[in-house]
$ cat upload.pdb   # PDB, C-alpha atoms
ATOM      1  CA  MET D   1      38.176 -55.886 -36.312  1.00  0.00           C
ATOM      2  CA  HIS D   2      39.100 -52.334 -35.578  1.00  0.00           C
ATOM      3  CA  LEU D   3      42.492 -52.917 -37.121  1.00  0.00           C
ATOM      4  CA  ARG D   4      40.770 -52.975 -40.504  1.00  0.00           C
ATOM      5  CA  ARG D   5      40.202 -49.203 -40.263  1.00  0.00           C
ATOM      6  CA  ASP D   6      43.941 -48.569 -39.970  1.00  0.00           C
ATOM      7  CA  PHE D   7      44.655 -50.635 -43.067  1.00  0.00           C
ATOM      8  CA  HIS D   8      41.809 -48.938 -44.908  1.00  0.00           C
ATOM      9  CA  ASP D   9      43.129 -45.497 -44.026  1.00  0.00           C
ATOM     10  CA  GLU D  10      46.624 -46.486 -45.155  1.00  0.00           C
ATOM     11  CA  TRP D  11      45.269 -47.931 -48.426  1.00  0.00           C
ATOM     12  CA  SER D  12      43.264 -44.764 -49.063  1.00  0.00           C
ATOM     13  CA  LYS D  13      46.310 -42.558 -48.560  1.00  0.00           C
ATOM     14  CA  THR D  14      49.091 -44.564 -50.178  1.00  0.00           C
ATOM     15  CA  LYS D  15      47.587 -47.445 -52.195  1.00  0.00           C
ATOM     16  CA  SER D  16      50.056 -49.663 -50.326  1.00  0.00           C
ATOM     17  CA  THR D  17      50.158 -53.248 -51.579  1.00  0.00           C
ATOM     18  CA  ILE D  18      50.647 -54.424 -48.002  1.00  0.00           C
ATOM     19  CA  ALA D  19      47.539 -52.578 -46.837  1.00  0.00           C
ATOM     20  CA  ARG D  20      45.583 -54.013 -49.789  1.00  0.00           C
ATOM     21  CA  GLU D  21      46.712 -57.538 -48.904  1.00  0.00           C
ATOM     22  CA  ALA D  22      45.673 -57.023 -45.297  1.00  0.00           C
ATOM     23  CA  LEU D  23      42.256 -55.735 -46.376  1.00  0.00           C
ATOM     24  CA  ASP D  24      41.773 -58.727 -48.654  1.00  0.00           C
ATOM     25  CA  ARG D  25      42.676 -61.132 -45.870  1.00  0.00           C
ATOM     26  CA  ILE D  26      40.372 -59.388 -43.409  1.00  0.00           C
ATOM     27  CA  GLY D  27      37.648 -59.305 -46.049  1.00  0.00           C
ATOM     28  CA  ALA D  28      37.835 -63.093 -46.335  1.00  0.00           C
ATOM     29  CA  LEU D  29      37.060 -63.295 -42.610  1.00  0.00           C
ATOM     30  CA  TYR D  30      34.089 -60.984 -43.040  1.00  0.00           C
ATOM     31  CA  ASP D  31      32.860 -63.252 -45.863  1.00  0.00           C
ATOM     32  CA  ILE D  32      32.929 -66.265 -43.552  1.00  0.00           C
ATOM     33  CA  GLU D  33      30.970 -64.353 -40.926  1.00  0.00           C
ATOM     34  CA  ARG D  34      28.393 -63.268 -43.508  1.00  0.00           C
ATOM     35  CA  GLU D  35      27.924 -66.832 -44.703  1.00  0.00           C
ATOM     36  CA  SER D  36      27.280 -68.122 -41.185  1.00  0.00           C
ATOM     37  CA  ASN D  37      25.066 -65.212 -40.154  1.00  0.00           C
ATOM     38  CA  GLY D  38      21.626 -66.397 -39.095  1.00  0.00           C
ATOM     39  CA  HIS D  39      22.769 -69.915 -38.250  1.00  0.00           C
ATOM     40  CA  ALA D  40      22.747 -71.386 -34.768  1.00  0.00           C
ATOM     41  CA  ALA D  41      25.670 -70.524 -32.503  1.00  0.00           C
ATOM     42  CA  ASP D  42      27.113 -74.042 -32.679  1.00  0.00           C
ATOM     43  CA  ILE D  43      27.159 -73.926 -36.476  1.00  0.00           C
ATOM     44  CA  ARG D  44      28.842 -70.508 -36.432  1.00  0.00           C
ATOM     45  CA  LEU D  45      31.449 -71.853 -34.020  1.00  0.00           C
ATOM     46  CA  VAL D  46      32.237 -74.800 -36.291  1.00  0.00           C
ATOM     47  CA  ALA D  47      32.508 -72.460 -39.290  1.00  0.00           C
ATOM     48  CA  ARG D  48      34.886 -70.212 -37.383  1.00  0.00           C
ATOM     49  CA  GLN D  49      37.026 -73.119 -36.237  1.00  0.00           C
ATOM     50  CA  LYS D  50      37.123 -74.696 -39.690  1.00  0.00           C
ATOM     51  CA  HIS D  51      37.378 -71.633 -41.922  1.00  0.00           C
ATOM     52  CA  SER D  52      38.303 -68.539 -39.900  1.00  0.00           C
ATOM     53  CA  ALA D  53      40.934 -69.924 -37.551  1.00  0.00           C
ATOM     54  CA  PRO D  54      43.336 -70.977 -40.338  1.00  0.00           C
ATOM     55  CA  LYS D  55      42.904 -67.580 -42.029  1.00  0.00           C
ATOM     56  CA  VAL D  56      43.616 -65.750 -38.766  1.00  0.00           C
ATOM     57  CA  GLU D  57      46.735 -67.855 -38.204  1.00  0.00           C
ATOM     58  CA  ALA D  58      47.855 -67.207 -41.770  1.00  0.00           C
ATOM     59  CA  PHE D  59      47.227 -63.468 -41.337  1.00  0.00           C
ATOM     60  CA  PHE D  60      49.459 -63.290 -38.280  1.00  0.00           C
ATOM     61  CA  ALA D  61      52.164 -65.398 -39.926  1.00  0.00           C
ATOM     62  CA  TRP D  62      52.034 -63.109 -42.984  1.00  0.00           C
ATOM     63  CA  SER D  63      52.093 -59.949 -40.861  1.00  0.00           C
ATOM     64  CA  GLU D  64      55.122 -61.141 -38.915  1.00  0.00           C
ATOM     65  CA  SER D  65      57.145 -62.089 -41.986  1.00  0.00           C
TER      66      SER D  65
END
$ encode --input "upload.pdb" --output "structure tokens"
Amino acid sequence: MHLRRDFHDEWSKTKSTIAREALDRIGALYDIERESNGHAADIRLVARQKHSAPKVEAFFAWSES
């Protein structure tokens, strides 16, 4: 997620609450990836579908509001 860098830079400069929220939401996705790291591809796919997909949808809904 290269977009994370932009939010990080904005947070570093301004301490924006919006940037912080974005970083927290992106961080939750990184946590899911870390938890599934080392598992078989099919298990990672299920984890992404079950846990990541709703968070990604929520991120975009939040960012468009």
$ residues_around --input "upload.pdb" --residues "D:Asp24" --least-positions-apart "6" --cutoff "12 Å" --atoms "only C-alpha atoms" --output "ChimeraX atom specification"
/D:4,7-8,11,17-18,30-31,55,59
$ write_last_selection --input "upload.pdb" --atoms "C-alpha atoms" --output "CSV table (one decimal), keeping the file's coordinate frame"
chain,number,residue,atom,x,y,z
D,4,ARG,CA,40.8,-53.0,-40.5
D,7,PHE,CA,44.7,-50.6,-43.1
D,8,HIS,CA,41.8,-48.9,-44.9
D,11,TRP,CA,45.3,-47.9,-48.4
D,17,THR,CA,50.2,-53.2,-51.6
D,18,ILE,CA,50.6,-54.4,-48.0
D,30,TYR,CA,34.1,-61.0,-43.0
D,31,ASP,CA,32.9,-63.3,-45.9
D,55,LYS,CA,42.9,-67.6,-42.0
D,59,PHE,CA,47.2,-63.5,-41.3
$ closest_residue --input "upload.pdb" --among "D:Leu3, D:Ala58, D:Ala47, D:Ala19" --to "D:Glu33" --atoms "all atoms listed in the file"
D:Ala47
$ atom_distance --input "upload.pdb" --atom1 "atom CA of D:Ser36" --atom2 "atom CA of D:Arg5"
22.9 Å
$ atom_distance --input "upload.pdb" --atom1 "atom CA of D:Ala22" --atom2 "atom CA of D:Asp9"
11.9 Å
$ atom_distance --input "upload.pdb" --atom1 "atom CA of D:His51" --atom2 "atom CA of D:Leu29"
8.4 Å
$ decode --input "upload.pdb" --residues "stretch 27-40 of chain D" --atoms "all heavy atoms" --output "PDB file, in the first residue's frame"
ATOM      1  N   GLY D  27      -3.142   0.051   9.074  1.00  0.00           N
ATOM      2  CA  GLY D  27      -2.421  -0.799  10.014  1.00  0.00           C
ATOM      3  C   GLY D  27      -3.173  -2.076  10.333  1.00  0.00           C
ATOM      4  O   GLY D  27      -2.573  -3.145  10.489  1.00  0.00           O
ATOM      5  N   ALA D  28      -4.495  -1.987  10.433  1.00  0.00           N
ATOM      6  CA  ALA D  28      -5.310  -3.179  10.687  1.00  0.00           C
ATOM      7  C   ALA D  28      -5.161  -4.186   9.548  1.00  0.00           C
ATOM      8  O   ALA D  28      -5.133  -5.397   9.780  1.00  0.00           O
ATOM      9  CB  ALA D  28      -6.769  -2.787  10.876  1.00  0.00           C
ATOM     10  N   LEU D  29      -5.029  -3.696   8.325  1.00  0.00           N
ATOM     11  CA  LEU D  29      -4.810  -4.590   7.183  1.00  0.00           C
ATOM     12  C   LEU D  29      -3.432  -5.246   7.261  1.00  0.00           C
ATOM     13  O   LEU D  29      -3.287  -6.442   6.981  1.00  0.00           O
ATOM     14  CB  LEU D  29      -4.962  -3.820   5.866  1.00  0.00           C
ATOM     15  CG  LEU D  29      -6.368  -3.330   5.572  1.00  0.00           C
ATOM     16  CD1 LEU D  29      -6.347  -2.361   4.403  1.00  0.00           C
ATOM     17  CD2 LEU D  29      -7.303  -4.494   5.307  1.00  0.00           C
ATOM     18  N   TYR D  30      -2.449  -4.480   7.651  1.00  0.00           N
ATOM     19  CA  TYR D  30      -1.106  -5.045   7.828  1.00  0.00           C
ATOM     20  C   TYR D  30      -1.121  -6.126   8.906  1.00  0.00           C
ATOM     21  O   TYR D  30      -0.454  -7.150   8.781  1.00  0.00           O
ATOM     22  CB  TYR D  30      -0.103  -3.955   8.205  1.00  0.00           C
ATOM     23  CG  TYR D  30       0.475  -3.203   7.034  1.00  0.00           C
ATOM     24  CD1 TYR D  30      -0.194  -2.122   6.481  1.00  0.00           C
ATOM     25  CD2 TYR D  30       1.697  -3.562   6.492  1.00  0.00           C
ATOM     26  CE1 TYR D  30       0.341  -1.424   5.412  1.00  0.00           C
ATOM     27  CE2 TYR D  30       2.245  -2.869   5.429  1.00  0.00           C
ATOM     28  CZ  TYR D  30       1.563  -1.806   4.882  1.00  0.00           C
ATOM     29  OH  TYR D  30       2.092  -1.117   3.827  1.00  0.00           O
ATOM     30  N   ASP D  31      -1.894  -5.912   9.977  1.00  0.00           N
ATOM     31  CA  ASP D  31      -1.997  -6.905  11.049  1.00  0.00           C
ATOM     32  C   ASP D  31      -2.553  -8.223  10.522  1.00  0.00           C
ATOM     33  O   ASP D  31      -2.060  -9.297  10.865  1.00  0.00           O
ATOM     34  CB  ASP D  31      -2.880  -6.394  12.186  1.00  0.00           C
ATOM     35  CG  ASP D  31      -2.266  -5.237  12.948  1.00  0.00           C
ATOM     36  OD1 ASP D  31      -1.031  -5.023  12.849  1.00  0.00           O
ATOM     37  OD2 ASP D  31      -3.027  -4.535  13.639  1.00  0.00           O
ATOM     38  N   ILE D  32      -3.570  -8.143   9.692  1.00  0.00           N
ATOM     39  CA  ILE D  32      -4.162  -9.348   9.108  1.00  0.00           C
ATOM     40  C   ILE D  32      -3.128 -10.076   8.257  1.00  0.00           C
ATOM     41  O   ILE D  32      -3.000 -11.304   8.324  1.00  0.00           O
ATOM     42  CB  ILE D  32      -5.418  -8.998   8.284  1.00  0.00           C
ATOM     43  CG1 ILE D  32      -6.513  -8.477   9.216  1.00  0.00           C
ATOM     44  CG2 ILE D  32      -5.898 -10.199   7.475  1.00  0.00           C
ATOM     45  CD1 ILE D  32      -7.655  -7.781   8.508  1.00  0.00           C
ATOM     46  N   GLU D  33      -2.385  -9.334   7.473  1.00  0.00           N
ATOM     47  CA  GLU D  33      -1.347  -9.952   6.638  1.00  0.00           C
ATOM     48  C   GLU D  33      -0.280 -10.624   7.495  1.00  0.00           C
ATOM     49  O   GLU D  33       0.168 -11.729   7.192  1.00  0.00           O
ATOM     50  CB  GLU D  33      -0.707  -8.912   5.716  1.00  0.00           C
ATOM     51  CG  GLU D  33      -1.585  -8.496   4.570  1.00  0.00           C
ATOM     52  CD  GLU D  33      -1.947  -9.647   3.650  1.00  0.00           C
ATOM     53  OE1 GLU D  33      -1.035 -10.365   3.181  1.00  0.00           O
ATOM     54  OE2 GLU D  33      -3.139  -9.837   3.401  1.00  0.00           O
ATOM     55  N   ARG D  34       0.119  -9.964   8.571  1.00  0.00           N
ATOM     56  CA  ARG D  34       1.131 -10.541   9.466  1.00  0.00           C
ATOM     57  C   ARG D  34       0.647 -11.852  10.074  1.00  0.00           C
ATOM     58  O   ARG D  34       1.393 -12.809  10.188  1.00  0.00           O
ATOM     59  CB  ARG D  34       1.490  -9.547  10.569  1.00  0.00           C
ATOM     60  CG  ARG D  34       2.827  -8.882  10.383  1.00  0.00           C
ATOM     61  CD  ARG D  34       3.261  -8.084  11.603  1.00  0.00           C
ATOM     62  NE  ARG D  34       2.310  -7.078  12.054  1.00  0.00           N
ATOM     63  CZ  ARG D  34       2.133  -5.891  11.486  1.00  0.00           C
ATOM     64  NH1 ARG D  34       2.835  -5.554  10.431  1.00  0.00           N
ATOM     65  NH2 ARG D  34       1.270  -5.034  11.973  1.00  0.00           N
ATOM     66  N   GLU D  35      -0.616 -11.866  10.485  1.00  0.00           N
ATOM     67  CA  GLU D  35      -1.174 -13.057  11.112  1.00  0.00           C
ATOM     68  C   GLU D  35      -1.243 -14.239  10.149  1.00  0.00           C
ATOM     69  O   GLU D  35      -1.106 -15.384  10.574  1.00  0.00           O
ATOM     70  CB  GLU D  35      -2.572 -12.760  11.661  1.00  0.00           C
ATOM     71  CG  GLU D  35      -2.552 -11.836  12.859  1.00  0.00           C
ATOM     72  CD  GLU D  35      -3.941 -11.390  13.281  1.00  0.00           C
ATOM     73  OE1 GLU D  35      -4.944 -11.968  12.815  1.00  0.00           O
ATOM     74  OE2 GLU D  35      -4.019 -10.442  14.077  1.00  0.00           O
ATOM     75  N   SER D  36      -1.447 -13.977   8.869  1.00  0.00           N
ATOM     76  CA  SER D  36      -1.560 -15.072   7.911  1.00  0.00           C
ATOM     77  C   SER D  36      -0.229 -15.398   7.239  1.00  0.00           C
ATOM     78  O   SER D  36      -0.144 -16.380   6.495  1.00  0.00           O
ATOM     79  CB  SER D  36      -2.630 -14.758   6.861  1.00  0.00           C
ATOM     80  OG  SER D  36      -2.263 -13.647   6.076  1.00  0.00           O
ATOM     81  N   ASN D  37       0.785 -14.625   7.521  1.00  0.00           N
ATOM     82  CA  ASN D  37       2.105 -14.869   6.934  1.00  0.00           C
ATOM     83  C   ASN D  37       2.601 -16.270   7.319  1.00  0.00           C
ATOM     84  O   ASN D  37       2.476 -16.691   8.455  1.00  0.00           O
ATOM     85  CB  ASN D  37       3.100 -13.805   7.409  1.00  0.00           C
ATOM     86  CG  ASN D  37       4.397 -13.864   6.658  1.00  0.00           C
ATOM     87  OD1 ASN D  37       4.442 -14.298   5.515  1.00  0.00           O
ATOM     88  ND2 ASN D  37       5.458 -13.406   7.303  1.00  0.00           N
ATOM     89  N   GLY D  38       3.112 -16.985   6.343  1.00  0.00           N
ATOM     90  CA  GLY D  38       3.638 -18.317   6.586  1.00  0.00           C
ATOM     91  C   GLY D  38       2.626 -19.426   6.381  1.00  0.00           C
ATOM     92  O   GLY D  38       2.987 -20.598   6.364  1.00  0.00           O
ATOM     93  N   HIS D  39       1.360 -19.058   6.225  1.00  0.00           N
ATOM     94  CA  HIS D  39       0.323 -20.056   5.965  1.00  0.00           C
ATOM     95  C   HIS D  39       0.228 -20.323   4.466  1.00  0.00           C
ATOM     96  O   HIS D  39       0.705 -19.530   3.650  1.00  0.00           O
ATOM     97  CB  HIS D  39      -1.030 -19.583   6.498  1.00  0.00           C
ATOM     98  CG  HIS D  39      -1.087 -19.498   7.984  1.00  0.00           C
ATOM     99  ND1 HIS D  39      -1.142 -20.603   8.792  1.00  0.00           N
ATOM    100  CD2 HIS D  39      -1.093 -18.431   8.816  1.00  0.00           C
ATOM    101  CE1 HIS D  39      -1.178 -20.230  10.054  1.00  0.00           C
ATOM    102  NE2 HIS D  39      -1.144 -18.906  10.104  1.00  0.00           N
ATOM    103  N   ALA D  40      -0.419 -21.404   4.129  1.00  0.00           N
ATOM    104  CA  ALA D  40      -0.623 -21.747   2.720  1.00  0.00           C
ATOM    105  C   ALA D  40      -1.441 -20.664   2.019  1.00  0.00           C
ATOM    106  O   ALA D  40      -2.223 -19.948   2.662  1.00  0.00           O
ATOM    107  CB  ALA D  40      -1.335 -23.092   2.610  1.00  0.00           C
TER     108      ALA D  40
END
